[in-house]
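Peer 1: Attaching a single structure in structure tokens format; questions to follow.
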Amino acid sequence: MTVRLTVRPLTLAWVKQHLHTGEQIVGVEELHGGITAEIRKLTIAARVGDTREMVLRSFVEPAHRERAEDSLTREAGALTQLAGTGVTAPGLVAVDPTAAHCEYPSLLMTCLPGRTVLADGGVETRVPLLARQLVSIHALRPAVRPPGYVTLTTADTVVVPTNADAAAWAAAIDMIRRPAPPYQGRFLHRDFQPGNVLFGVLPSSPADTHITGVVDWAATSWGPADLDVAHCCTNLALLHGSAWGRRFAEAYEEAGGVLAADASQRSYWMVRDPLAFSEEVAVIARAWRESGRPELTTRAVAERLDAYIKMLLC
């Protein structure tokens, strides 16, 4: 099989150092959907004809390389601690967070079965599965806590979409000017959403849909469960409509998850997350289009974001 070289020479040499004797790379495939890193799936063949796959993540863009060391160090730590838990994640093979060996900061990991599913069809089946998975993540008690969470926006950096409800956005922005509510810390994925969850789907039997793993642990943090829940709610609202954002929060509690007891505290976290999306609508919309949702233009996502903000303030 001819290999189309889409892995850079130094990185390729580094990857080869971590292959088994007699193995070689026989295929390289670009994986879409990522925003901050370049992701490649590598097909590895052994002399006896068996093949396996690995995933290579590299921080290539200058705008993202400045946080590459922190992100890759977090992910490597998370993958190490997740091994042997009830949460299925890739296995860490190697990491080069400072590009000491590769052209760019990189991480090599095992490849999990399954695929991401962003389509509207079947969302009612997937939401409870997502909720139960997130409850399992929040139940983890790692030997070493990851760094504390970082907020992704401020009241002064929110970008109000064109033609949005100005009064609703002003009220939402005022809400996050307040100090963050107190919370009980939990192990957070910090980017838990459908694009980072793999499903095994049997077309002939939708009832057998199941989660095969969770990927992209580069933002792993310690913080309030509400923050992870709010993030998934926002993604679901923008992918499938506002009602699915609210439904996910309900499903999380039905699965045994615990959110802030006070309604105003819940609202703070629920509003803070979609406001952070306001700064990256075009980037997020492009990633979703590349992943098979061509109707999610920047305008369409901005309109859904506006509708979701208004719903949260009702």
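Within each chain, counting starts at residue 1; across the structure tokens, chains are named A, B, ... in the order shown, with ligands numbered 1 upward in that order.
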Write out as a VMD selection string the residues lying within 9 Å of Thr98 (chain A), counting only C-alpha atoms and excluding same-chain residues fewer than 5 positions away.

Peer 2: chain A and resid 68 to 69 104 to 106

Peer 1: Quick one: contact table of region 128-174 of chain A to region 182-203 of chain A, 8 Å max, nearest atom pair and distance in Å to one decimal per residue, counting only C-alpha atoms, chain and number order, as a Markdown table?

Peer 2:
```
| residue | atom | partner | partner_atom | distance |
| --- | --- | --- | --- | --- |
| A:Leu130 | CA | A:Pro194 | CA | 7.9 |
| A:Leu134 | CA | A:Phe192 | CA | 7.6 |
| A:Ile137 | CA | A:Phe187 | CA | 6.8 |
| A:His138 | CA | A:Phe187 | CA | 5.2 |
| A:Ala139 | CA | A:Phe187 | CA | 7.4 |
| A:Leu140 | CA | A:Phe187 | CA | 6.3 |
| A:Arg141 | CA | A:Phe187 | CA | 6.9 |
| A:Pro142 | CA | A:Phe187 | CA | 7.6 |
| A:Arg145 | CA | A:Phe187 | CA | 7.5 |
| A:Pro146 | CA | A:Phe187 | CA | 7.6 |
| A:Tyr149 | CA | A:Arg190 | CA | 7.9 |
```

Peer 1: For Trp269 (chain A), which residue among A:Arg286, A:His101, A:Arg304, A:His231 is the nearest when counting only C-alpha atoms?

Peer 2: A:His231

Peer 1: Find, counting only C-alpha atoms, the residue in A:Leu82, A:Val7, A:Ala155, A:Val28 that gets nearest to Val60 (chain A).

Peer 2: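 Answer, going by the shortest atom-to-atom distance: A:Val7.
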
Peer 1: Any idea what's packed within 9 Å of Ala172 (chain A), counting only C-alpha atoms, ignoring anything in its chain fewer than 4 positions away? Could you give it as a ChimeraX atom specification?

Peer 2: /A:155,167-168,176,268,271-272,275,309-310,312-313

Peer 1: Could you please write out, as a count of residues only, every residue of region 63-97 of chain A that DSSP assigns to strand (DSSP E or B)?

Peer 2: 5

Peer 1: Using only C-alpha atoms, which residues sit within 10 Å of Gly241 (chain A) once same-chain residues fewer than 2 positions away are excluded, as a PyMOL selection string?

Peer 2: chain A and resi 120+234-239+243-246+301+304-305+307-308

Peer 1: Compare A:Val150, A:Val229, A:Ala171, A:Leu12 by their minimum atom-to-atom distance to Met270 (chain A), counting only C-alpha atoms, and give me the closest one.

Peer 2: A:Val229

Peer 1: Could you write out, as an NGL selection string, all the residues of region 33-219 of chain A that DSSP marks as helix (DSSP H, G or I)?

Peer 2: :A and (62-65 or 68-82 or 123-138 or 166-175 or 194-196 or 206-208)

Peer 1: Report, in Å to a single decimal, how far apart CA of Arg132 (chain A) and CA of Leu118 (chain A) are.

Peer 2: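 Taking CA of Leu118 (chain A) and CA of Arg132 (chain A), their separation equals 18.0 Å.
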
Peer 1: Compile the contact shell of Thr6 (chain A) as a list in words: residues with an atom at most 9 Å away, counting only C-alpha atoms, same-chain residues fewer than 3 positions apart removed.

Peer 2: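 Contacts, in chain order: Val3, Val28, Glu29, Glu30 and Arg40 of chain A.
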
Peer 1: Mind checking which residues fall within 8 Å of Val127 (chain A), counting only C-alpha atoms, ignoring those fewer than 3 positions away in the same chain, and posting them as a PyMOL selection string?

Peer 2: chain A and resi 123-124+130-131+247-248+251

Peer 1: Would you save the residues from that selection as a tab-separated table (two decimals), in the first residue's frame, using C-alpha atoms?

Peer 2:
```
chain	number	residue	atom	x	y	z
A	123	VAL	CA	-30.63	12.60	19.51
A	124	GLU	CA	-33.36	11.53	21.92
A	130	LEU	CA	-24.27	11.38	27.20
A	131	ALA	CA	-25.70	12.31	30.58
A	247	ARG	CA	-33.19	18.40	28.23
A	248	PHE	CA	-29.55	17.47	28.80
A	251	ALA	CA	-31.06	13.96	31.91
```

Peer 1: To one decimal place in Å, what is the distance between CA of Leu129 (chain A) and CA of Gly114 (chain A)?

Peer 2: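 So the two atoms, CA of Leu129 (chain A) and CA of Gly114 (chain A), lie 14.4 Å apart.
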
Peer 1: Using only C-alpha atoms for the distances, tell me which of A:Ile39, A:Ile44, A:Ala119, A:Cys102 is nearest to Ala13 (chain A).

Peer 2: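 Selected residue with least distance to Ala13 (chain A): A:Cys102.
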
Peer 1: Skipping near chain neighbours, those fewer than 3 positions away, what residues fall within 8 Å of Ala78 (chain A) using only C-alpha atoms, listed as a ChimeraX atom specification?

Peer 2: /A:74-75,81-82,146,217,220

Peer 1: Go ahead and save the picked residues with all heavy atoms, as a JSON list (two decimals), in the first residue's frame.

Peer 2:
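The resulting part_17.json:
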```json
[["chain", "number", "residue", "atom", "x", "y", "z"],
["A", 74, "ARG", "N", -1.87, 18.23, 30.17],
["A", 74, "ARG", "CA", -3.14, 17.87, 30.81],
["A", 74, "ARG", "C", -3.69, 16.58, 30.22],
["A", 74, "ARG", "O", -4.16, 15.69, 30.94],
["A", 74, "ARG", "CB", -4.17, 18.99, 30.62],
["A", 74, "ARG", "CG", -3.92, 20.22, 31.44],
["A", 74, "ARG", "CD", -5.12, 21.13, 31.37],
["A", 74, "ARG", "NE", -4.82, 22.47, 31.87],
["A", 74, "ARG", "CZ", -5.66, 23.19, 32.60],
["A", 74, "ARG", "NH1", -6.84, 22.71, 32.92],
["A", 74, "ARG", "NH2", -5.32, 24.40, 33.00],
["A", 75, "GLU", "N", -3.65, 16.50, 28.89],
["A", 75, "GLU", "CA", -4.23, 15.31, 28.26],
["A", 75, "GLU", "C", -3.45, 14.05, 28.60],
["A", 75, "GLU", "O", -4.03, 13.00, 28.91],
["A", 75, "GLU", "CB", -4.30, 15.49, 26.74],
["A", 75, "GLU", "CG", -4.96, 14.32, 26.05],
["A", 75, "GLU", "CD", -5.54, 14.67, 24.69],
["A", 75, "GLU", "OE1", -4.98, 15.55, 24.02],
["A", 75, "GLU", "OE2", -6.56, 14.05, 24.31],
["A", 81, "GLN", "N", -4.36, 8.67, 34.06],
["A", 81, "GLN", "CA", -5.19, 8.42, 35.23],
["A", 81, "GLN", "C", -6.50, 7.70, 34.88],
["A", 81, "GLN", "O", -7.07, 7.00, 35.72],
["A", 81, "GLN", "CB", -5.50, 9.73, 35.95],
["A", 81, "GLN", "CG", -4.26, 10.39, 36.53],
["A", 81, "GLN", "CD", -4.59, 11.35, 37.65],
["A", 81, "GLN", "OE1", -4.93, 10.95, 38.76],
["A", 81, "GLN", "NE2", -4.49, 12.64, 37.36],
["A", 82, "LEU", "N", -6.96, 7.87, 33.65],
["A", 82, "LEU", "CA", -8.22, 7.23, 33.24],
["A", 82, "LEU", "C", -8.06, 5.75, 32.96],
["A", 82, "LEU", "O", -9.04, 5.00, 32.97],
["A", 82, "LEU", "CB", -8.78, 7.93, 32.00],
["A", 82, "LEU", "CG", -9.37, 9.33, 32.23],
["A", 82, "LEU", "CD1", -9.54, 10.05, 30.91],
["A", 82, "LEU", "CD2", -10.69, 9.23, 32.97],
["A", 146, "PRO", "N", -6.35, 17.68, 38.44],
["A", 146, "PRO", "CA", -5.91, 18.55, 37.35],
["A", 146, "PRO", "C", -5.98, 20.01, 37.79],
["A", 146, "PRO", "O", -6.57, 20.32, 38.84],
["A", 146, "PRO", "CB", -6.91, 18.26, 36.23],
["A", 146, "PRO", "CG", -8.15, 17.82, 36.96],
["A", 146, "PRO", "CD", -7.67, 17.07, 38.17],
["A", 217, "TRP", "N", -9.08, 15.12, 25.89],
["A", 217, "TRP", "CA", -8.98, 15.45, 27.32],
["A", 217, "TRP", "C", -7.98, 16.59, 27.56],
["A", 217, "TRP", "O", -7.45, 16.72, 28.66],
["A", 217, "TRP", "CB", -8.57, 14.20, 28.10],
["A", 217, "TRP", "CG", -9.61, 13.12, 28.02],
["A", 217, "TRP", "CD1", -9.76, 12.18, 27.03],
["A", 217, "TRP", "CD2", -10.66, 12.86, 28.95],
["A", 217, "TRP", "NE1", -10.82, 11.36, 27.29],
["A", 217, "TRP", "CE2", -11.39, 11.75, 28.47],
["A", 217, "TRP", "CE3", -11.04, 13.45, 30.17],
["A", 217, "TRP", "CZ2", -12.49, 11.22, 29.15],
["A", 217, "TRP", "CZ3", -12.13, 12.92, 30.85],
["A", 217, "TRP", "CH2", -12.84, 11.82, 30.35],
["A", 220, "THR", "N", -8.82, 19.10, 30.53],
["A", 220, "THR", "CA", -9.21, 18.52, 31.81],
["A", 220, "THR", "C", -8.93, 19.49, 32.96],
["A", 220, "THR", "O", -7.85, 20.07, 33.04],
["A", 220, "THR", "CB", -8.42, 17.22, 32.06],
["A", 220, "THR", "OG1", -8.62, 16.35, 30.94],
["A", 220, "THR", "CG2", -8.90, 16.54, 33.31]]
```

Peer 1: Between A:Thr85, A:Ala218, A:Thr153, A:Leu112, which one has atoms that come closest to Ala37 (chain A), using only C-alpha atoms?

Peer 2: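 Among A:Thr85, A:Ala218, A:Thr153, A:Leu112, it is A:Ala218 that comes nearest to Ala37 (chain A).
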
Peer 1: Can you tell me how far CA of Thr51 (chain A) sits from CA of Gln17 (chain A), in Å to one decimal?

Peer 2: 17.2 Å
